[in-house]
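Undergrad: Dropping in query.txt, which is compact mmCIF, C-alpha atoms:
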# COMPACT_ATOMS: atom_id res chain seq x y z
CA MET U 1 -23.29 16.95 54.60
CA THR U 2 -23.31 20.11 56.70
CA SER U 3 -25.19 23.23 55.72
CA VAL U 4 -23.89 26.50 54.34
CA SER U 5 -25.78 29.72 54.89
CA GLN U 6 -27.33 31.40 51.89
CA GLY U 7 -25.14 33.40 49.53
CA ILE U 8 -21.40 33.88 49.26
CA ASP U 9 -19.29 34.10 52.40
CA PRO U 10 -17.23 37.33 52.40
CA SER U 11 -14.01 35.37 52.94
CA ALA U 12 -14.43 33.49 49.65
CA VAL U 13 -12.09 34.49 46.81
CA ILE U 14 -13.68 34.38 43.37
CA HIS U 15 -11.77 35.27 40.22
CA PRO U 16 -13.50 37.99 38.20
CA THR U 17 -13.75 35.75 35.13
CA ALA U 18 -15.58 32.99 37.03
CA VAL U 19 -19.32 32.65 36.50
CA VAL U 20 -21.10 31.97 39.78
CA ALA U 21 -24.87 31.88 39.36
CA GLU U 22 -27.09 33.77 41.74
CA GLY U 23 -28.28 31.40 44.44
CA ALA U 24 -25.08 29.37 44.73
CA ARG U 25 -23.95 28.91 48.33
CA ILE U 26 -20.23 29.48 48.76
CA GLY U 27 -18.75 28.79 52.20
CA PRO U 28 -15.90 30.41 54.09
CA ASN U 29 -12.42 30.47 52.56
CA CYS U 30 -13.50 28.95 49.26
CA ARG U 31 -11.38 29.79 46.20
CA ILE U 32 -12.86 29.79 42.72
CA GLY U 33 -10.34 30.21 39.91
CA PRO U 34 -10.47 31.75 36.44
CA TRP U 35 -13.21 30.73 34.05
CA CYS U 36 -14.94 28.37 36.45
CA VAL U 37 -18.72 27.89 36.20
CA VAL U 38 -20.83 27.26 39.33
CA SER U 39 -24.56 26.63 39.11
CA ALA U 40 -27.27 28.31 41.16
CA GLU U 41 -28.02 25.03 42.96
CA ALA U 42 -24.44 24.31 44.00
CA VAL U 43 -23.27 24.24 47.60
CA LEU U 44 -19.55 24.62 48.36
CA GLU U 45 -18.54 23.95 51.94
CA GLU U 46 -15.66 25.67 53.71
CA GLY U 47 -12.31 25.69 51.97
CA VAL U 48 -13.39 24.24 48.62
CA PHE U 49 -10.91 25.00 45.83
CA LEU U 50 -11.89 25.14 42.16
CA GLN U 51 -8.95 25.50 39.83
CA SER U 52 -9.38 27.24 36.49
CA HIS U 53 -12.10 26.04 34.06
CA ALA U 54 -13.82 23.67 36.51
CA VAL U 55 -17.56 23.22 35.95
CA ILE U 56 -20.01 22.57 38.81
CA ASP U 57 -23.45 22.02 37.29
CA GLY U 58 -26.85 21.34 38.84
CA GLN U 59 -27.49 20.18 42.41
CA VAL U 60 -23.92 19.53 43.57
CA HIS U 61 -22.77 19.52 47.19
CA LEU U 62 -18.99 19.75 47.66
CA GLY U 63 -17.81 18.93 51.18
CA ALA U 64 -15.25 20.93 53.11
CA GLY U 65 -11.82 21.07 51.53
CA VAL U 66 -12.78 19.43 48.23
CA GLN U 67 -10.48 20.30 45.32
CA VAL U 68 -11.64 20.27 41.70
CA MET U 69 -8.86 20.74 39.15
CA SER U 70 -8.86 22.28 35.68
CA PHE U 71 -11.43 21.10 33.13
CA ALA U 72 -13.05 18.65 35.52
CA SER U 73 -16.85 18.65 35.57
CA VAL U 74 -19.15 17.63 38.39
CA GLY U 75 -22.91 17.31 38.16
CA LEU U 76 -23.61 17.29 34.43
CA PRO U 77 -26.62 15.23 33.25
CA PRO U 78 -26.28 11.45 33.19
CA GLN U 79 -25.51 9.63 29.94
CA ASP U 80 -28.87 7.93 30.18
CA LEU U 81 -31.39 8.22 27.34
CA LYS U 82 -34.22 7.91 29.87
CA TYR U 83 -33.14 11.06 31.71
CA LYS U 84 -35.50 13.96 31.05
CA GLY U 85 -34.03 16.66 33.25
CA GLU U 86 -35.36 15.44 36.60
CA PRO U 87 -33.86 17.13 39.72
CA THR U 88 -31.13 14.64 40.64
CA ARG U 89 -27.83 15.46 42.32
CA VAL U 90 -24.17 14.78 43.21
CA GLU U 91 -22.61 14.70 46.68
CA ILE U 92 -18.83 14.83 47.20
CA GLY U 93 -17.34 14.15 50.63
CA ALA U 94 -14.82 16.28 52.50
CA ARG U 95 -11.23 16.60 51.26
CA THR U 96 -11.78 14.57 48.11
CA VAL U 97 -9.57 15.60 45.18
CA ILE U 98 -10.92 15.53 41.62
CA ARG U 99 -8.13 15.88 39.08
CA GLU U 100 -8.02 17.31 35.57
CA HIS U 101 -10.68 16.32 33.02
CA ALA U 102 -12.45 13.93 35.42
CA THR U 103 -16.23 13.72 35.01
CA ILE U 104 -18.84 12.91 37.65
CA HIS U 105 -22.45 12.77 36.45
CA ARG U 106 -25.55 13.40 38.52
CA GLY U 107 -27.93 10.57 39.47
CA SER U 108 -30.94 9.38 37.53
CA VAL U 109 -34.54 8.65 38.45
CA GLY U 110 -33.91 5.04 37.47
CA GLY U 111 -31.40 4.82 40.31
CA HIS U 112 -31.38 6.57 43.68
CA GLY U 113 -31.30 10.02 42.15
CA VAL U 114 -27.84 10.76 43.51
CA THR U 115 -24.21 10.05 42.67
CA LYS U 116 -22.03 9.95 45.79
CA VAL U 117 -18.29 10.13 46.37
CA GLY U 118 -17.15 9.82 49.98
CA ALA U 119 -14.50 11.64 51.95
CA ASP U 120 -10.75 11.60 51.27
CA CYS U 121 -11.05 10.05 47.82
CA LEU U 122 -8.68 10.71 44.91
CA ILE U 123 -10.21 10.78 41.44
CA MET U 124 -7.29 11.03 39.02
CA CYS U 125 -7.13 12.59 35.57
CA VAL U 126 -9.80 11.71 32.98
CA ALA U 127 -11.58 9.24 35.29
CA HIS U 128 -15.33 8.95 34.80
CA ILE U 129 -17.94 8.24 37.48
CA GLY U 130 -21.30 7.41 35.91
CA HIS U 131 -24.76 8.21 37.21
CA ASP U 132 -25.93 6.72 40.51
CA CYS U 133 -22.48 5.42 41.44
CA GLU U 134 -21.60 5.33 45.13
CA LEU U 135 -18.01 5.48 46.29
CA ASP U 136 -17.33 5.21 50.00
CA HIS U 137 -14.28 6.76 51.72
CA HIS U 138 -10.57 6.69 50.79
CA VAL U 139 -11.24 5.30 47.31
CA ILE U 140 -8.59 5.91 44.63
CA LEU U 141 -9.43 5.85 40.93
CA ALA U 142 -6.28 6.09 38.82
CA ASN U 143 -6.09 7.82 35.43
CA ASN U 144 -8.72 6.95 32.82
CA VAL U 145 -10.79 4.66 35.04
CA MET U 146 -14.36 4.27 33.78
CA LEU U 147 -17.28 3.47 36.06
CA GLY U 148 -20.60 2.57 34.47
CA GLY U 149 -23.80 3.62 36.20
CA HIS U 150 -24.88 2.26 39.59
CA VAL U 151 -21.42 0.95 40.59
CA HIS U 152 -20.78 0.69 44.33
CA ILE U 153 -17.19 0.84 45.62
CA ALA U 154 -16.54 0.35 49.34
CA ASP U 155 -13.84 1.95 51.52
CA THR U 156 -10.12 1.99 50.65
CA VAL U 157 -10.45 0.38 47.22
CA PHE U 158 -7.78 1.10 44.59
CA VAL U 159 -8.72 0.93 40.91
CA GLY U 160 -5.75 0.85 38.52
CA GLY U 161 -5.40 3.05 35.46
CA GLY U 162 -7.62 2.39 32.48
CA ALA U 163 -9.84 -0.13 34.27
CA ALA U 164 -13.49 -0.32 33.24
CA ILE U 165 -16.18 -1.32 35.74
CA HIS U 166 -19.48 -2.58 34.34
CA GLN U 167 -22.71 -0.98 35.54
CA PHE U 168 -24.23 -2.37 38.77
CA VAL U 169 -20.94 -4.05 39.83
CA ARG U 170 -20.07 -4.02 43.56
CA ILE U 171 -16.45 -3.73 44.72
CA GLY U 172 -15.90 -4.83 48.33
CA ARG U 173 -13.83 -3.02 50.92
CA GLN U 174 -10.08 -2.78 50.38
CA ALA U 175 -10.11 -4.65 47.09
CA VAL U 176 -7.61 -3.80 44.36
CA ILE U 177 -8.40 -3.71 40.64
CA GLY U 178 -5.46 -4.14 38.28
CA GLY U 179 -4.84 -1.56 35.59
CA MET U 180 -6.58 -2.04 32.22
CA SER U 181 -8.93 -4.65 33.71
CA GLY U 182 -12.50 -5.09 32.53
CA VAL U 183 -14.61 -5.91 35.59
CA GLU U 184 -17.99 -7.44 34.79
CA ALA U 185 -18.84 -9.04 38.15
CA ASP U 186 -18.69 -8.27 41.88
CA VAL U 187 -15.31 -8.30 43.63
CA ILE U 188 -15.21 -9.65 47.19
CA PRO U 189 -13.83 -7.52 50.04
CA PHE U 190 -10.00 -7.67 50.17
CA GLY U 191 -9.92 -9.35 46.74
CA ALA U 192 -7.46 -8.65 43.93
CA VAL U 193 -8.58 -8.90 40.30
CA MET U 194 -7.01 -8.24 36.95
CA GLY U 195 -7.35 -9.11 33.29
CA ASN U 196 -9.74 -8.77 30.41
CA ARG U 197 -12.17 -10.05 31.48
CA ALA U 198 -11.08 -9.63 35.10
CA ARG U 199 -10.64 -12.65 37.36
CA LEU U 200 -9.74 -12.97 41.03
CA THR U 201 -6.00 -13.48 41.44
CA GLY U 202 -5.93 -13.69 45.24
CA LEU U 203 -6.23 -11.19 48.06
CA ASN U 204 -5.01 -7.61 48.28
CA LEU U 205 -2.18 -8.70 50.57
CA ILE U 206 -0.14 -5.52 50.24
CA GLY U 207 -3.17 -3.45 51.17
CA LEU U 208 -3.98 -5.68 54.13
CA LYS U 209 -0.48 -5.31 55.53
CA ARG U 210 -0.40 -1.56 54.93
CA ARG U 211 -3.68 -1.20 56.82
CA GLY U 212 -2.25 -3.03 59.81
CA PHE U 213 -4.10 -6.34 59.57
CA PRO U 214 -2.26 -8.85 61.81
CA ARG U 215 -0.63 -11.94 60.30
CA SER U 216 -3.13 -14.19 62.04
CA GLN U 217 -6.03 -12.36 60.39
CA ILE U 218 -4.38 -12.48 56.96
CA HIS U 219 -3.81 -16.21 57.43
CA VAL U 220 -7.51 -16.75 58.15
CA LEU U 221 -8.52 -14.66 55.14
CA ARG U 222 -6.20 -16.64 52.86
CA GLY U 223 -7.76 -19.85 54.11
CA ILE U 224 -11.28 -18.55 53.47
CA TYR U 225 -10.32 -17.36 49.99
CA ARG U 226 -8.81 -20.72 49.06
CA SER U 227 -11.71 -22.70 50.46
CA LEU U 228 -14.25 -20.58 48.58
CA PHE U 229 -12.48 -19.96 45.30
CA ARG U 230 -9.73 -22.58 44.97
CA SER U 231 -11.37 -25.74 46.27
CA SER U 232 -13.56 -28.19 44.39
CA GLY U 233 -17.14 -29.11 45.23
CA VAL U 234 -20.42 -27.26 45.47
CA PHE U 235 -19.89 -23.57 46.19
CA GLU U 236 -22.86 -23.31 48.56
CA GLU U 237 -21.46 -26.18 50.65
CA ARG U 238 -18.04 -24.49 50.81
CA LEU U 239 -19.72 -21.26 51.83
CA ALA U 240 -21.64 -23.02 54.60
CA ALA U 241 -18.44 -24.69 55.85
CA ALA U 242 -16.60 -21.35 55.97
CA GLU U 243 -19.52 -19.83 57.85
CA ALA U 244 -19.55 -22.65 60.39
CA GLN U 245 -15.81 -22.43 61.01
CA HIS U 246 -15.18 -18.66 60.95
CA GLY U 247 -18.60 -17.01 60.81
CA THR U 248 -18.06 -15.13 64.06
CA ASP U 249 -14.92 -13.40 62.76
CA PRO U 250 -16.13 -9.91 61.72
CA VAL U 251 -13.73 -9.65 58.76
CA VAL U 252 -14.68 -13.10 57.46
CA ARG U 253 -18.30 -12.20 58.11
CA GLU U 254 -17.87 -9.20 55.82
CA ILE U 255 -16.84 -11.48 52.94
CA LEU U 256 -19.59 -14.00 53.61
CA ASP U 257 -22.27 -11.32 53.81
CA PHE U 258 -20.99 -9.76 50.58
CA VAL U 259 -21.17 -13.13 48.81
CA ARG U 260 -24.69 -13.81 50.08
CA THR U 261 -26.05 -10.38 49.11
CA ASP U 262 -28.26 -10.41 46.04
CA SER U 263 -26.42 -9.11 42.99
CA ARG U 264 -27.26 -8.21 39.43
CA ARG U 265 -23.80 -9.15 38.21
CA GLY U 266 -22.77 -12.25 40.17
CA LEU U 267 -19.33 -12.86 41.65
CA CYS U 268 -16.02 -12.37 39.89
CA ARG U 269 -14.56 -15.85 39.34
CA ALA U 270 -11.08 -17.01 40.26
CA GLY U 271 -8.32 -17.04 37.67
CA ARG U 272 -4.61 -17.72 37.95
CA GLU U 273 -3.36 -16.83 41.44
CA ILE U 274 -0.55 -14.30 41.19
CA VAL U 275 0.73 -14.55 44.78
CA ASP U 276 0.77 -17.99 46.36
CA ASP U 277 3.79 -17.75 48.65
CA GLU U 278 3.14 -17.90 52.39
CA ASP U 279 6.32 -16.01 53.15
CA SER U 280 5.57 -13.13 50.79
CA ALA U 281 2.00 -12.99 52.03
CA GLU U 282 2.82 -12.80 55.71
CA GLY U 283 6.50 -11.95 55.91
Mind turning this structure into structure tokens?
TA:
Amino acid sequence: MTSVSQGIDPSAVIHPTAVVAEGARIGPNCRIGPWCVVSAEAVLEEGVFLQSHAVIDGQVHLGAGVQVMSFASVGLPPQDLKYKGEPTRVEIGARTVIREHATIHRGSVGGHGVTKVGADCLIMCVAHIGHDCELDHHVILANNVMLGGHVHIADTVFVGGGAAIHQFVRIGRQAVIGGMSGVEADVIPFGAVMGNRARLTGLNLIGLKRRGFPRSQIHVLRGIYRSLFRSSGVFEERLAAAEAQHGTDPVVREILDFVRTDSRRGLCRAGREIVDDEDSAEG
């Protein structure tokens, strides 16, 4: 996060009905709409836009170009009975868009003390990001998504509407979560899950192709997925075999490292594979 000088930049446009507390730092070309509330500890970088009735509460840092739409709230206290008003915070990366009625709660002392949303994310209407969550860049949460506390979501993940992510779950890079899914365990990078309770249904093949992954790389990833989650035998032995065969491939390495990382929730298990057609996967 970059710094903003003290006070309100003269180029900022603030509606006369907005309540901006003394001490708030408002950067150049910010726009604050009718009936917004901005706390004394808030920092708004250049070009931030708050539509009407947005609430920015507590220690909140909004990166350049962030948009917060009507009735969204950022930085309110966590829904944690252990929280006693400690000075925790929220950080939102540049150009992220937070749509109507979305809620993002500040961190807790039981976590890292901060809730983070990266750059270029889209948080759609009525989505909720609980305390101490960390979203990396280019993450999309569709309408009504619910994230429990301490969830970590890596880059370019898409979470479908109405999905619920259990606290402490990790979602690997470029995974896709089907709408209305209940996710209780970690989702591997590039994985696709759906269902109640959610199960792995394959890889996020559409996302891989859209991001320009070559066919040869997708073919290797499909082989790793099948060997780890579709084959019989001891999982640790299958993991060791995949490491021996493809451990130097950086994308495969990402999956293997994710699997080997200690987790409070364990790995999401495989269910029925939705796409199992080589032509549709690589065509």
Undergrad: Set the distance at 8 Å and use all atoms listed in the file: which residues neighbour Pro16 (chain U) once local chain neighbours fewer than 2 positions away are removed? I'd like the list as a list in words.
TA: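 Using all atoms listed in the file, the neighbours found are Ile14, Ala18 and Pro34 of chain U.
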Undergrad: List the neighbours of Val169 (chain U) out to 6 Å using all atoms listed in the file; skip same-chain residues closer than 5 positions along the sequence, and give me the result as number ranges by chain.
TA: U: 151, 185-186
Undergrad: Tell me, in Å to one decimal, how far CA of His61 (chain U) is from CA of Arg173 (chain U).
TA: 24.5 Å
Undergrad: Against region 260-264 of chain U, which residues of region 143-241 of chain U fall within 12 Å? For each one I want the closest pair of atoms and the distance in Å (one decimal), counting only C-alpha atoms, rows by chain and increasing residue number, as a tab-separated table.
TA:
residue	atom	partner	partner_atom	distance
U:His150	CA	U:Arg264	CA	10.7
U:Val151	CA	U:Arg264	CA	10.9
U:His152	CA	U:Ser263	CA	11.4
U:His166	CA	U:Arg264	CA	10.9
U:Gln167	CA	U:Arg264	CA	9.4
U:Phe168	CA	U:Arg264	CA	6.6
U:Val169	CA	U:Arg264	CA	7.6
U:Arg170	CA	U:Ser263	CA	8.2
U:Ile171	CA	U:Ser263	CA	11.5
U:Gly172	CA	U:Thr261	CA	11.6
U:Glu184	CA	U:Arg264	CA	10.4
U:Ala185	CA	U:Arg264	CA	8.6
U:Asp186	CA	U:Ser263	CA	7.9
U:Val187	CA	U:Ser263	CA	11.2
U:Ile188	CA	U:Arg260	CA	10.7
U:Phe235	CA	U:Arg260	CA	11.6
U:Glu236	CA	U:Arg260	CA	9.8
U:Leu239	CA	U:Arg260	CA	9.1
U:Ala240	CA	U:Arg260	CA	10.7
Undergrad: Can you pull out the residues contacting Gly207 (chain U)? Cut-off 9 Å, using only C-alpha atoms, and skip same-chain residues under 2 positions away; I want them as a list of chain:residue names.
TA: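 Counting only C-alpha atoms, the residues come to U:Thr156, U:Gln174, U:Ala175, U:Val176, U:Phe190, U:Leu203, U:Asn204, U:Leu205, U:Lys209, U:Arg210, U:Arg211, U:Gly212, U:Phe213.
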Undergrad: Skip Leu122 (chain U) itself and residues of its chain fewer than 2 positions away, then list as JSON, numbers by chain all residues within 12 Å of it, counting all atoms listed in the file.
TA: {"U": [66, 67, 68, 69, 92, 93, 94, 95, 96, 97, 98, 99, 100, 102, 117, 118, 119, 120, 124, 125, 127, 135, 136, 137, 138, 139, 140, 141, 142, 143, 145, 156, 157, 158, 159]}
Undergrad: Would you work out the distance separating CA of Ala163 (chain U) from CA of Leu147 (chain U), expressed in Å to one decimal?
TA: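 Atom-to-atom, CA of Ala163 (chain U) to CA of Leu147 (chain U), that is 8.5 Å.
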Undergrad: Could you jot down the CA of Ile56 (chain U) to CA of Val74 (chain U) separation for me, Å, one decimal place?
TA: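 CA of Val74 (chain U) lies 5.0 Å from CA of Ile56 (chain U).
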Undergrad: Nearest residue to Gly75 (chain U) out of U:His128, U:Arg272, U:Phe49, U:Ile32, using all atoms listed in the file?
TA: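 Checking each of U:His128, U:Arg272, U:Phe49, U:Ile32 against Gly75 (chain U), counting all atoms listed in the file, the winner is U:His128.
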Undergrad: So, with all atoms listed in the file as the atoms that count, which of U:Trp35, U:Phe71, U:Tyr225, U:Tyr83 lies closest to Ile104 (chain U)?
TA: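 When distances to Ile104 (chain U) are compared using all atoms listed in the file, the smallest one comes from U:Phe71.
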Undergrad: When distances are computed from only C-alpha atoms, which of U:Arg197, U:Arg230, U:Arg89, U:Arg222 shows the smallest separation from Ile255 (chain U)?
TA: U:Arg222
Undergrad: Leaving out Ile129 (chain U) and any residue of its chain fewer than 4 positions from it, which residues lie within 8 Å of it when counting all atoms listed in the file, given as a ChimeraX atom specification?
TA: /U:103-105,133,146-149
Undergrad: Determine, counting only C-alpha atoms, every residue of protein, DNA or RNA that lies within 7 Å of (-14.9, 30.8, 52.7) in the file coordinates, then give the result as a PyMOL selection string.
TA: chain U and resi 9-12+26-30+46-47
Undergrad: Please identify all polymer residues lying at most 12 Å from the point (-13.9, -18.2, 60.7) (file coordinates), using only C-alpha atoms, and present the result as number ranges by chain.
TA: U: 216-225, 227, 239-256
